[in-house]
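A.B. asks: upload.cif (mmCIF, C-alpha atoms) pasted underneath:
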data_data
#
loop_
_atom_site.label_atom_id
_atom_site.label_comp_id
_atom_site.auth_asym_id
_atom_site.auth_seq_id
_atom_site.Cartn_x
_atom_site.Cartn_y
_atom_site.Cartn_z
CA MET A 1 -21.89 -15.42 -13.76
CA SER A 2 -22.67 -14.89 -17.43
CA LEU A 3 -20.17 -15.79 -20.11
CA LEU A 4 -19.73 -12.16 -21.09
CA GLU A 5 -18.79 -11.08 -17.58
CA ASN A 6 -16.47 -14.00 -17.33
CA ASN A 7 -14.57 -12.83 -20.39
CA LYS A 8 -14.33 -9.32 -19.06
CA THR A 9 -12.86 -10.31 -15.69
CA SER A 10 -10.74 -13.27 -16.77
CA LYS A 11 -7.54 -11.26 -17.20
CA ILE A 12 -7.76 -9.67 -13.77
CA GLY A 13 -8.46 -13.15 -12.38
CA ASP A 14 -5.21 -14.47 -13.84
CA THR A 15 -3.19 -11.74 -12.14
CA GLU A 16 -4.76 -12.56 -8.78
CA ILE A 17 -4.21 -16.29 -9.11
CA PHE A 18 -0.61 -15.81 -10.17
CA ILE A 19 0.15 -13.51 -7.21
CA SER A 20 -1.67 -15.94 -4.90
CA LYS A 21 0.51 -18.84 -6.10
CA ALA A 22 3.69 -16.80 -5.70
CA LEU A 23 2.70 -15.89 -2.14
CA ARG A 24 1.82 -19.50 -1.32
CA PHE A 25 5.27 -20.58 -2.48
CA GLY A 26 6.96 -17.97 -0.26
CA VAL A 27 4.80 -18.73 2.78
CA ILE A 28 5.26 -22.53 2.56
CA LEU A 29 9.02 -22.15 2.08
CA SER A 30 9.19 -19.82 5.08
CA ALA A 31 7.06 -22.03 7.36
CA ALA A 32 9.04 -25.14 6.38
CA THR A 33 12.35 -23.40 7.12
CA ILE A 34 11.13 -22.12 10.51
CA GLY A 35 9.81 -25.64 11.28
CA LEU A 36 13.16 -27.19 10.37
CA GLY A 37 14.97 -24.70 12.60
CA LEU A 38 12.67 -25.49 15.53
CA LEU A 39 13.17 -29.21 14.97
CA LEU A 40 16.96 -28.76 14.97
CA LEU A 41 16.68 -26.69 18.15
CA ILE A 42 14.65 -29.41 19.91
CA ILE A 43 16.97 -32.23 18.76
CA THR A 44 20.31 -30.53 19.47
CA ARG A 45 19.08 -28.47 22.50
CA ASN A 46 21.53 -25.82 21.38
CA SER A 47 20.66 -22.59 19.56
CA GLY A 48 24.15 -22.40 18.05
CA TYR A 49 24.77 -19.04 19.75
CA PRO A 50 26.06 -18.20 23.25
CA GLY A 51 23.46 -17.54 25.97
CA SER A 52 20.25 -16.01 24.70
CA SER A 53 21.97 -14.12 21.86
CA PHE A 54 21.00 -14.46 18.20
CA PRO A 55 22.23 -13.05 14.88
CA THR A 56 20.79 -9.68 13.84
CA SER A 57 22.08 -9.10 10.33
CA PRO A 58 21.27 -10.95 7.10
CA VAL A 59 24.99 -11.74 6.59
CA GLN A 60 25.33 -13.32 10.05
CA ILE A 61 22.09 -15.24 9.51
CA VAL A 62 23.20 -16.71 6.18
CA LYS A 63 26.62 -17.62 7.64
CA GLY A 64 24.90 -19.47 10.48
CA LEU A 65 22.51 -21.14 8.04
CA PHE A 66 25.41 -22.83 6.26
CA LEU A 67 26.58 -24.19 9.62
CA LEU A 68 22.97 -25.35 10.28
CA LYS A 69 22.80 -23.38 13.53
CA PRO A 70 19.15 -23.72 14.70
CA TYR A 71 18.59 -19.99 15.41
CA ALA A 72 20.07 -19.04 12.03
CA VAL A 73 17.77 -21.53 10.25
CA ILE A 74 14.72 -20.09 12.07
CA LEU A 75 15.78 -16.52 11.24
CA THR A 76 16.27 -17.49 7.58
CA GLY A 77 12.64 -18.64 7.55
CA LEU A 78 11.56 -15.37 9.18
CA LEU A 79 13.62 -13.41 6.66
CA ILE A 80 11.85 -15.24 3.81
CA LEU A 81 8.51 -14.35 5.42
CA ILE A 82 9.50 -10.68 5.77
CA LEU A 83 10.46 -10.60 2.10
CA THR A 84 7.20 -12.14 0.81
CA PRO A 85 5.33 -8.80 0.53
CA VAL A 86 8.26 -7.20 -1.30
CA PHE A 87 8.50 -10.21 -3.59
CA ARG A 88 4.73 -9.90 -4.14
CA VAL A 89 5.09 -6.29 -5.34
CA GLY A 90 7.87 -7.35 -7.73
CA ILE A 91 5.78 -10.22 -9.14
CA SER A 92 2.84 -7.83 -9.63
CA ILE A 93 4.94 -5.54 -11.84
CA LEU A 94 5.69 -8.52 -14.09
CA THR A 95 2.06 -9.67 -14.30
CA PHE A 96 0.80 -6.17 -15.14
CA LEU A 97 3.54 -5.95 -17.76
CA LYS A 98 2.38 -9.24 -19.26
CA GLU A 99 -1.19 -7.86 -19.37
CA LYS A 100 0.12 -4.68 -21.04
CA ASP A 101 -1.56 -2.66 -18.30
CA TYR A 102 1.08 0.06 -18.34
CA LEU A 103 -0.72 2.39 -15.92
CA TYR A 104 -0.46 -0.30 -13.24
CA VAL A 105 3.09 -1.19 -14.23
CA ALA A 106 3.89 2.44 -13.40
CA ILE A 107 1.86 2.47 -10.15
CA THR A 108 3.37 -0.79 -8.89
CA SER A 109 6.92 0.23 -9.89
CA LEU A 110 6.45 3.47 -7.95
CA VAL A 111 5.45 1.47 -4.85
CA PHE A 112 8.48 -0.76 -5.34
CA ILE A 113 10.83 2.24 -5.58
CA ILE A 114 9.37 3.86 -2.44
CA LEU A 115 9.81 0.53 -0.62
CA MET A 116 13.46 0.34 -1.69
CA ILE A 117 14.02 3.92 -0.49
CA SER A 118 12.59 3.10 2.92
CA PHE A 119 14.77 -0.02 3.10
CA LEU A 120 17.87 2.06 2.38
CA LEU A 121 16.87 4.77 4.85
CA GLY A 122 16.29 2.14 7.51
CA LYS A 123 19.77 0.78 6.95
CA GLY A 124 21.37 4.19 7.30
CA GLU A 125 19.74 4.79 10.66
CA MET B 1 10.95 -22.38 27.50
CA ILE B 2 8.94 -24.88 25.50
CA THR B 3 5.74 -24.13 27.45
CA THR B 4 6.18 -20.40 26.74
CA ALA B 5 6.65 -21.19 23.05
CA ILE B 6 3.45 -23.26 23.05
CA GLU B 7 1.55 -20.45 24.79
CA ILE B 8 2.85 -17.94 22.22
CA PHE B 9 1.82 -20.34 19.44
CA PHE B 10 -1.80 -20.54 20.66
CA ILE B 11 -2.09 -16.78 21.25
CA SER B 12 -0.75 -16.28 17.72
CA ILE B 13 -3.36 -18.61 16.20
CA LEU B 14 -6.01 -16.34 17.73
CA ALA B 15 -4.22 -13.19 16.49
CA GLY B 16 -3.93 -14.56 12.96
CA PHE B 17 -7.55 -15.68 12.97
CA LEU B 18 -8.92 -12.31 14.10
CA GLY B 19 -6.49 -10.41 11.89
CA SER B 20 -7.52 -12.26 8.75
CA LEU B 21 -11.23 -11.69 9.52
CA LEU B 22 -10.88 -7.97 10.12
CA GLY B 23 -7.96 -6.91 7.92
CA LEU B 24 -5.74 -6.09 10.89
CA GLY B 25 -2.22 -7.20 11.70
CA GLY B 26 -2.87 -8.84 15.05
CA GLY B 27 -0.63 -6.41 16.95
CA ILE B 28 -3.52 -5.48 19.22
CA ILE B 29 -3.51 -9.08 20.50
CA ILE B 30 0.20 -9.91 20.27
CA ILE B 31 1.65 -6.87 22.06
CA PRO B 32 -0.57 -6.83 25.19
CA THR B 33 -0.63 -10.62 25.68
CA LEU B 34 3.11 -11.05 25.21
CA THR B 35 4.03 -8.17 27.51
CA LEU B 36 1.34 -8.34 30.18
CA LEU B 37 0.52 -12.07 30.22
CA LEU B 38 3.91 -13.61 29.48
CA GLY B 39 6.15 -10.82 30.76
CA ILE B 40 8.13 -10.55 27.53
CA ASP B 41 10.20 -7.39 26.96
CA ILE B 42 8.28 -4.80 24.90
CA LYS B 43 10.96 -4.66 22.18
CA TYR B 44 10.65 -8.39 21.43
CA ALA B 45 6.85 -8.00 21.52
CA ILE B 46 7.11 -5.22 18.90
CA GLY B 47 9.38 -7.41 16.76
CA ALA B 48 6.89 -10.29 17.10
CA SER B 49 4.05 -7.96 16.17
CA ILE B 50 5.80 -6.94 12.93
CA VAL B 51 6.25 -10.63 12.07
CA SER B 52 2.59 -11.18 12.92
CA VAL B 53 1.46 -8.40 10.56
CA ILE B 54 3.44 -9.87 7.66
CA ALA B 55 2.31 -13.44 8.39
CA THR B 56 -1.35 -12.35 8.56
CA SER B 57 -1.01 -10.39 5.34
CA SER B 58 0.77 -13.00 3.23
CA GLY B 59 -1.06 -15.95 4.83
CA SER B 60 -4.55 -14.61 4.23
CA ALA B 61 -3.83 -13.03 0.84
CA ILE B 62 -3.24 -16.50 -0.62
CA ALA B 63 -6.92 -17.39 -0.15
CA TYR B 64 -8.46 -13.93 -0.63
CA LEU B 65 -6.65 -13.45 -3.95
CA LYS B 66 -7.67 -16.88 -5.19
CA GLU B 67 -11.31 -16.17 -4.28
CA LYS B 68 -10.96 -12.69 -5.85
CA ILE B 69 -12.19 -10.88 -2.72
CA THR B 70 -9.03 -8.75 -2.63
CA ASN B 71 -9.11 -5.83 -5.06
CA VAL B 72 -5.50 -5.84 -6.29
CA ARG B 73 -5.80 -2.56 -8.20
CA VAL B 74 -7.30 -0.68 -5.25
CA GLY B 75 -4.54 -2.15 -3.06
CA MET B 76 -1.71 -1.23 -5.41
CA PHE B 77 -3.04 2.27 -6.04
CA LEU B 78 -3.45 2.97 -2.31
CA GLU B 79 -0.03 1.53 -1.48
CA ILE B 80 1.48 4.63 -3.12
CA ALA B 81 -0.19 6.63 -0.34
CA THR B 82 0.67 4.29 2.54
CA THR B 83 4.33 3.84 1.60
CA THR B 84 4.91 7.59 1.07
CA GLY B 85 3.02 8.18 4.32
CA ALA B 86 5.30 5.78 6.19
CA LEU B 87 8.34 7.55 4.72
CA THR B 88 6.94 10.93 5.80
CA GLY B 89 6.33 9.50 9.26
CA ALA B 90 9.94 8.40 9.54
CA PHE B 91 11.09 11.89 8.55
CA ILE B 92 8.90 13.86 10.94
CA ALA B 93 9.41 11.49 13.88
CA GLY B 94 10.71 13.54 16.77
CA LEU B 95 9.40 16.79 15.28
CA VAL B 96 5.78 16.30 16.27
CA ASN B 97 4.21 15.73 19.65
CA THR B 98 2.74 12.22 19.53
CA LYS B 99 0.42 13.11 22.45
CA TYR B 100 -1.81 15.15 20.15
CA LEU B 101 -1.60 12.55 17.40
CA TYR B 102 -2.93 9.88 19.76
CA LEU B 103 -5.75 12.20 20.78
CA ILE B 104 -6.72 13.30 17.26
CA PHE B 105 -6.66 9.80 15.78
CA GLY B 106 -8.27 8.25 18.84
CA ILE B 107 -11.20 10.63 18.40
CA LEU B 108 -11.29 9.95 14.66
CA LEU B 109 -11.51 6.21 15.34
CA LEU B 110 -14.23 6.76 17.92
CA TYR B 111 -16.19 8.73 15.33
CA SER B 112 -15.78 5.96 12.77
CA ALA B 113 -16.88 3.36 15.34
CA LEU B 114 -20.11 5.35 15.76
CA ASN B 115 -20.43 5.69 12.01
CA MET B 116 -20.00 1.95 11.59
CA PHE B 117 -22.51 1.27 14.36
CA LYS B 118 -25.10 3.36 12.48
CA ARG B 119 -24.52 1.18 9.41
CA ARG B 120 -24.45 -2.09 11.37
CA LYS B 121 -27.44 -3.52 9.47
CA GLU B 122 -26.01 -2.66 6.05
CA GLU B 123 -24.91 -5.89 4.35
CA LEU B 124 -23.66 -4.25 1.13
CA PRO B 125 -23.12 -0.58 0.27
CA LYS B 126 -26.08 1.23 -1.29
CA GLU B 127 -25.83 1.75 -5.03
CA PHE B 128 -24.01 4.84 -6.27
CA ALA B 129 -22.28 6.02 -9.42
CA PRO B 130 -18.52 5.33 -9.52
CA HIS B 131 -16.06 8.21 -9.23
CA PRO B 132 -14.77 9.16 -12.74
CA LEU B 133 -11.23 8.39 -11.61
CA ALA B 134 -12.38 4.92 -10.48
CA ASN B 135 -13.16 4.03 -14.08
CA LYS B 136 -9.88 5.42 -15.34
CA LEU B 137 -7.98 3.39 -12.74
CA LYS B 138 -10.19 0.32 -13.27
CA LEU B 139 -10.94 0.10 -9.57
CA CYS B 140 -14.51 -1.22 -9.66
CA GLY B 141 -14.81 -4.95 -9.27
CA ALA B 142 -16.81 -8.05 -8.38
CA TYR B 143 -16.50 -11.06 -6.08
CA TYR B 144 -18.55 -14.11 -5.26
CA ASP B 145 -20.02 -13.83 -1.77
CA GLN B 146 -20.31 -17.30 -0.23
CA SER B 147 -22.62 -16.22 2.58
CA LEU B 148 -25.04 -14.49 0.19
CA SER B 149 -24.52 -17.14 -2.54
CA LYS B 150 -24.29 -14.50 -5.22
CA GLU B 151 -21.89 -12.44 -7.30
CA VAL B 152 -21.48 -8.97 -5.81
CA THR B 153 -20.44 -6.21 -8.21
CA TYR B 154 -19.41 -2.92 -6.69
CA ASN B 155 -18.34 0.61 -7.57
CA VAL B 156 -15.71 2.76 -5.94
CA THR B 157 -16.07 6.40 -4.90
CA GLY B 158 -14.29 8.87 -2.57
CA ILE B 159 -10.93 8.28 -4.23
CA TYR B 160 -9.32 11.51 -2.99
CA GLY B 161 -10.62 11.07 0.56
CA GLY B 162 -9.56 7.43 0.65
CA PHE B 163 -6.12 8.20 -0.78
CA GLY B 164 -5.64 11.03 1.74
CA MET B 165 -6.75 8.83 4.62
CA MET B 166 -4.31 6.14 3.47
CA TYR B 167 -1.47 8.66 3.45
CA VAL B 168 -2.39 9.58 7.02
CA ALA B 169 -2.60 5.87 7.89
CA GLY B 170 0.95 5.47 6.59
CA ILE B 171 2.20 8.44 8.62
CA ILE B 172 0.70 7.29 11.90
CA SER B 173 1.80 3.70 11.51
CA GLY B 174 5.29 5.07 10.75
CA LEU B 175 5.15 7.40 13.77
CA LEU B 176 3.19 5.46 16.35
CA GLY B 177 3.75 1.93 15.09
CA ILE B 178 0.07 1.10 15.39
CA GLY B 179 -3.14 0.99 13.41
CA SER B 180 -1.61 -0.53 10.33
CA GLY B 181 -4.90 -2.18 9.39
CA ILE B 182 -7.62 -0.35 11.25
CA PHE B 183 -7.20 2.96 9.38
CA LYS B 184 -6.96 1.15 6.05
CA VAL B 185 -10.25 -0.67 6.58
CA MET B 186 -11.77 2.64 7.66
CA ALA B 187 -10.53 4.47 4.55
CA MET B 188 -11.95 1.82 2.21
CA ASP B 189 -15.18 1.22 4.09
CA THR B 190 -16.09 4.79 5.07
CA PHE B 191 -14.56 6.89 2.29
CA MET B 192 -14.47 4.63 -0.75
CA LYS B 193 -17.63 2.67 0.11
CA LEU B 194 -16.23 -0.74 -0.79
CA PRO B 195 -18.09 -3.80 0.50
CA MET B 196 -16.90 -4.75 4.01
CA LYS B 197 -15.29 -8.02 2.88
CA VAL B 198 -13.39 -6.31 0.05
CA SER B 199 -12.18 -3.65 2.53
CA THR B 200 -10.85 -6.16 5.07
CA ALA B 201 -9.31 -8.47 2.44
CA THR B 202 -7.63 -5.57 0.62
CA SER B 203 -6.39 -4.10 3.91
CA ASN B 204 -4.92 -7.51 4.72
CA PHE B 205 -3.22 -7.55 1.34
CA MET B 206 -1.68 -4.10 1.95
CA ILE B 207 -0.48 -4.25 5.57
CA GLY B 208 2.37 -6.65 4.80
CA VAL B 209 4.09 -4.19 2.48
CA THR B 210 4.27 -1.35 5.02
CA ALA B 211 5.39 -3.75 7.75
CA ALA B 212 8.09 -5.29 5.53
CA ALA B 213 9.52 -1.80 4.94
CA SER B 214 10.18 -1.36 8.66
CA ALA B 215 10.97 -5.01 9.49
CA GLY B 216 14.57 -4.60 8.34
CA ILE B 217 15.21 -1.94 10.99
CA TYR B 218 13.71 -4.11 13.73
CA LEU B 219 15.80 -7.08 12.64
CA THR B 220 19.10 -5.19 12.77
CA ARG B 221 18.15 -3.62 16.12
CA GLY B 222 17.76 -7.16 17.48
CA TYR B 223 14.00 -6.95 18.13
CA ILE B 224 13.23 -10.17 16.25
CA ASP B 225 14.09 -12.90 18.76
CA PRO B 226 13.84 -16.30 17.02
CA LYS B 227 12.46 -18.16 20.04
CA ILE B 228 9.54 -15.71 20.21
CA ALA B 229 9.08 -14.84 16.54
CA ALA B 230 9.11 -18.49 15.33
CA PRO B 231 5.99 -19.63 17.24
CA VAL B 232 4.35 -16.29 16.34
CA ALA B 233 4.97 -16.80 12.60
CA LEU B 234 3.74 -20.41 12.56
CA GLY B 235 0.74 -19.71 14.81
CA VAL B 236 -0.37 -16.63 12.89
CA LEU B 237 -0.04 -18.41 9.52
CA LEU B 238 -2.24 -21.24 10.83
CA GLY B 239 -4.77 -18.85 12.36
CA ALA B 240 -4.94 -16.71 9.22
CA THR B 241 -5.53 -19.77 7.04
CA LEU B 242 -8.44 -20.81 9.28
CA GLY B 243 -9.72 -17.23 9.36
CA THR B 244 -9.95 -16.91 5.58
CA LYS B 245 -12.21 -19.97 5.46
CA VAL B 246 -14.52 -18.59 8.15
CA MET B 247 -14.61 -15.00 6.85
CA GLN B 248 -16.01 -16.02 3.48
CA ARG B 249 -18.98 -17.71 5.14
CA LEU B 250 -19.75 -14.80 7.47
CA ARG B 251 -22.21 -12.02 6.71
CA SER B 252 -20.69 -8.53 6.40
CA THR B 253 -23.03 -7.43 9.18
CA THR B 254 -21.45 -10.06 11.47
CA LEU B 255 -17.96 -8.87 10.51
CA ARG B 256 -19.00 -5.33 11.44
CA MET B 257 -20.27 -6.49 14.82
CA ILE B 258 -16.83 -8.01 15.50
CA PHE B 259 -15.04 -4.95 14.11
CA ILE B 260 -16.92 -2.30 16.14
CA PRO B 261 -15.74 -3.42 19.64
CA VAL B 262 -12.14 -3.72 18.36
CA LEU B 263 -12.42 -0.20 16.93
CA LEU B 264 -13.83 1.10 20.23
CA TYR B 265 -11.08 -0.61 22.23
CA VAL B 266 -8.29 0.85 20.09
CA SER B 267 -9.81 4.34 20.00
CA ILE B 268 -10.24 4.48 23.80
CA GLU B 269 -6.71 3.17 24.30
CA MET B 270 -5.37 5.89 21.99
CA ILE B 271 -7.37 8.65 23.69
CA ILE B 272 -6.10 7.50 27.11
CA LYS B 273 -2.52 7.58 25.81
CA GLY B 274 -3.13 11.05 24.38
CA VAL B 275 -4.40 12.37 27.70
CA TRP B 276 -1.87 10.77 30.07
CA LEU B 277 1.25 10.40 27.98
#
Hey, can you dump this file as structure tokens for me?

C.D. replies:
Amino acid sequence: MSLLENNKTSKIGDTEIFISKALRFGVILSAATIGLGLLLLIITRNSGYPGSSFPTSPVQIVKGLFLLKPYAVILTGLLILILTPVFRVGISILTFLKEKDYLYVAITSLVFIILMISFLLGKGE
Amino acid sequence: MITTAIEIFFISILAGFLGSLLGLGGGIIIIPTLTLLLGIDIKYAIGASIVSVIATSSGSAIAYLKEKITNVRVGMFLEIATTTGALTGAFIAGLVNTKYLYLIFGILLLYSALNMFKRRKEELPKEFAPHPLANKLKLCGAYYDQSLSKEVTYNVTGIYGGFGMMYVAGIISGLLGIGSGIFKVMAMDTFMKLPMKVSTATSNFMIGVTAAASAGIYLTRGYIDPKIAAPVALGVLLGATLGTKVMQRLRSTTLRMIFIPVLLYVSIEMIIKGVWL
């Protein structure tokens, strides 16, 4: 790659590396939490919930997490994983803002808003 | 219970590996193996498949972004179409007959399998002038291809067609819950003429967002069973990490040869559903 090309693409490269690092943080945190939950489940041989039931709302999950219930710890890890793409869109808005690429600040914000709308609609169902 | 978890873990490694190579979510492996092979209830298999899509997307994007194979701007721009498409899909669910949708999109996939077969020897797209909008949106890009040992610069065309196809991809994944990745790869490869590796990596980057939007509903409906979803998440993350290393060393022609049978399988499955459903 020539020096000139390198200069031209360096800014875009920074965005990608920053988003990549943010995603790596989210993924490692999620995998570690799921791993911890599995470990607790194997050690205690008790999911923390009656029968084969498990919590199905973020509030219940967080409550169970504070009591270190194995299923709640696993679900917290899964919740972190589910949120990584949303978090990624949010981070992208900030990096485009830093680059003063306002067209893409607008595009990414639009995606973020549509995502929030679908989250709210899903809740109302 | 532990043996089932280990089986799910190994199946998920395979799903993550294939998904990260081809830009798909791994649902085509997770759903049939979990239901048919392990006898798991379809609703938990669907929940696991959503987790698999997100794990493939986030897990492989770490490497593809770092290596600059993913085109972030193309991904972000097209996400407007996929997210609005998914919203539209949620609105019109119940109003349209899915039988015809399966048929129409099954045939469309079959056509694109043939189209891809015709171009099976094409390593990189032929040269063409970029679409004027591609320059305005700064969509053209470059990546270093490890298998060719050279920098590949590429243009982007067919913006309207690609954007339209992405909107449709959003609608059908919202309506039918399938094809999150396959239609995205098709839109970028066939319409926008991006290099195969950029298409699969960017599809991978995008599929997580659409899946995350619907994951909340599946969680509150109780589809995400921790004892199934945990080995899926860990297995897929591992498989996707391995897959990103392999994909960079593969020729695009090899990737196509893996993609074509998958495309054929999904299209035939959809056509069958359209006829008998």

A.B. asks: For the structure shown, which residues end up in the PyMOL selection byres ((chain B and resi 112) around 12)? Put them as number ranges by chain, please?

C.D. replies: B: 105-111, 113-120, 182-183, 185-191, 256, 259-264, 266-267

A.B. asks: Create the file for the chosen residues now, containing C-alpha atoms and written as an mmCIF file, keeping the file's coordinate frame.

C.D. replies:
data_model
loop_
_atom_site.group_PDB
_atom_site.id
_atom_site.type_symbol
_atom_site.label_atom_id
_atom_site.label_comp_id
_atom_site.auth_asym_id
_atom_site.auth_seq_id
_atom_site.Cartn_x
_atom_site.Cartn_y
_atom_site.Cartn_z
ATOM 1 C CA PHE B 105 -6.660 9.800 15.780
ATOM 2 C CA GLY B 106 -8.270 8.250 18.840
ATOM 3 C CA ILE B 107 -11.200 10.630 18.400
ATOM 4 C CA LEU B 108 -11.290 9.950 14.660
ATOM 5 C CA LEU B 109 -11.510 6.210 15.340
ATOM 6 C CA LEU B 110 -14.230 6.760 17.920
ATOM 7 C CA TYR B 111 -16.190 8.730 15.330
ATOM 8 C CA ALA B 113 -16.880 3.360 15.340
ATOM 9 C CA LEU B 114 -20.110 5.350 15.760
ATOM 10 C CA ASN B 115 -20.430 5.690 12.010
ATOM 11 C CA MET B 116 -20.000 1.950 11.590
ATOM 12 C CA PHE B 117 -22.510 1.270 14.360
ATOM 13 C CA LYS B 118 -25.100 3.360 12.480
ATOM 14 C CA ARG B 119 -24.520 1.180 9.410
ATOM 15 C CA ARG B 120 -24.450 -2.090 11.370
ATOM 16 C CA ILE B 182 -7.620 -0.350 11.250
ATOM 17 C CA PHE B 183 -7.200 2.960 9.380
ATOM 18 C CA VAL B 185 -10.250 -0.670 6.580
ATOM 19 C CA MET B 186 -11.770 2.640 7.660
ATOM 20 C CA ALA B 187 -10.530 4.470 4.550
ATOM 21 C CA MET B 188 -11.950 1.820 2.210
ATOM 22 C CA ASP B 189 -15.180 1.220 4.090
ATOM 23 C CA THR B 190 -16.090 4.790 5.070
ATOM 24 C CA PHE B 191 -14.560 6.890 2.290
ATOM 25 C CA ARG B 256 -19.000 -5.330 11.440
ATOM 26 C CA PHE B 259 -15.040 -4.950 14.110
ATOM 27 C CA ILE B 260 -16.920 -2.300 16.140
ATOM 28 C CA PRO B 261 -15.740 -3.420 19.640
ATOM 29 C CA VAL B 262 -12.140 -3.720 18.360
ATOM 30 C CA LEU B 263 -12.420 -0.200 16.930
ATOM 31 C CA LEU B 264 -13.830 1.100 20.230
ATOM 32 C CA VAL B 266 -8.290 0.850 20.090
ATOM 33 C CA SER B 267 -9.810 4.340 20.000
#

A.B. asks: Tell me the residues of chain B close to chain A, meaning within 6 Å using only C-alpha atoms, as a PyMOL selection string.

C.D. replies: chain B and resi 62+65-66+80+208-209+212-213+217+219-220+222

A.B. asks: Care to translate the PyMOL selection byres ((chain B and resi 225) around 8) into actual residues of this file, as a VMD selection string?

C.D. replies: (chain A and resid 54) or (chain B and resid 44 47 to 48 222 to 224 226 to 229)

A.B. asks: B:Gly94, B:Leu137, B:Val236, B:Phe77: which is nearest Gly162 (chain B), counting only C-alpha atoms?

C.D. replies: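 Checking each of B:Gly94, B:Leu137, B:Val236, B:Phe77 against Gly162 (chain B), counting only C-alpha atoms, the winner is B:Phe77.
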
A.B. asks: B:Gly85, B:Gly239, B:Pro231, B:Gly25: which is nearest Ala169 (chain B), counting only C-alpha atoms?

C.D. replies: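 Residue with the minimum atom-to-atom distance to Ala169 (chain B): B:Gly85.
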
A.B. asks: Determine the residue membership of the PyMOL selection byres ((chain B and resi 89) around 7) for the file above and supply it as a PyMOL selection string.

C.D. replies: chain B and resi 85-88+90-93+171-172+174-175

A.B. asks: What's around Ser52 (chain B) at 8 Å? Count all atoms listed in the file, leave out sequence neighbours fewer than 3 positions away in its own chain, and write the answer as an mmCIF file with C-alpha atoms, in the frame of the given file.

C.D. replies:
data_model
loop_
_atom_site.group_PDB
_atom_site.id
_atom_site.type_symbol
_atom_site.label_atom_id
_atom_site.label_comp_id
_atom_site.auth_asym_id
_atom_site.auth_seq_id
_atom_site.Cartn_x
_atom_site.Cartn_y
_atom_site.Cartn_z
ATOM 1 C CA SER B 12 -0.750 -16.280 17.720
ATOM 2 C CA ALA B 15 -4.220 -13.190 16.490
ATOM 3 C CA GLY B 16 -3.930 -14.560 12.960
ATOM 4 C CA GLY B 25 -2.220 -7.200 11.700
ATOM 5 C CA GLY B 26 -2.870 -8.840 15.050
ATOM 6 C CA GLY B 27 -0.630 -6.410 16.950
ATOM 7 C CA ILE B 30 0.200 -9.910 20.270
ATOM 8 C CA ALA B 48 6.890 -10.290 17.100
ATOM 9 C CA SER B 49 4.050 -7.960 16.170
ATOM 10 C CA ALA B 55 2.310 -13.440 8.390
ATOM 11 C CA THR B 56 -1.350 -12.350 8.560
ATOM 12 C CA VAL B 232 4.350 -16.290 16.340
ATOM 13 C CA ALA B 233 4.970 -16.800 12.600
ATOM 14 C CA VAL B 236 -0.370 -16.630 12.890
#

A.B. asks: State, in Å with one decimal place, the distance from CA of Ala211 (chain B) to CA of Ile29 (chain B).

C.D. replies: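 About the pair CA of Ala211 (chain B) and CA of Ile29 (chain B): they are 16.4 Å apart.
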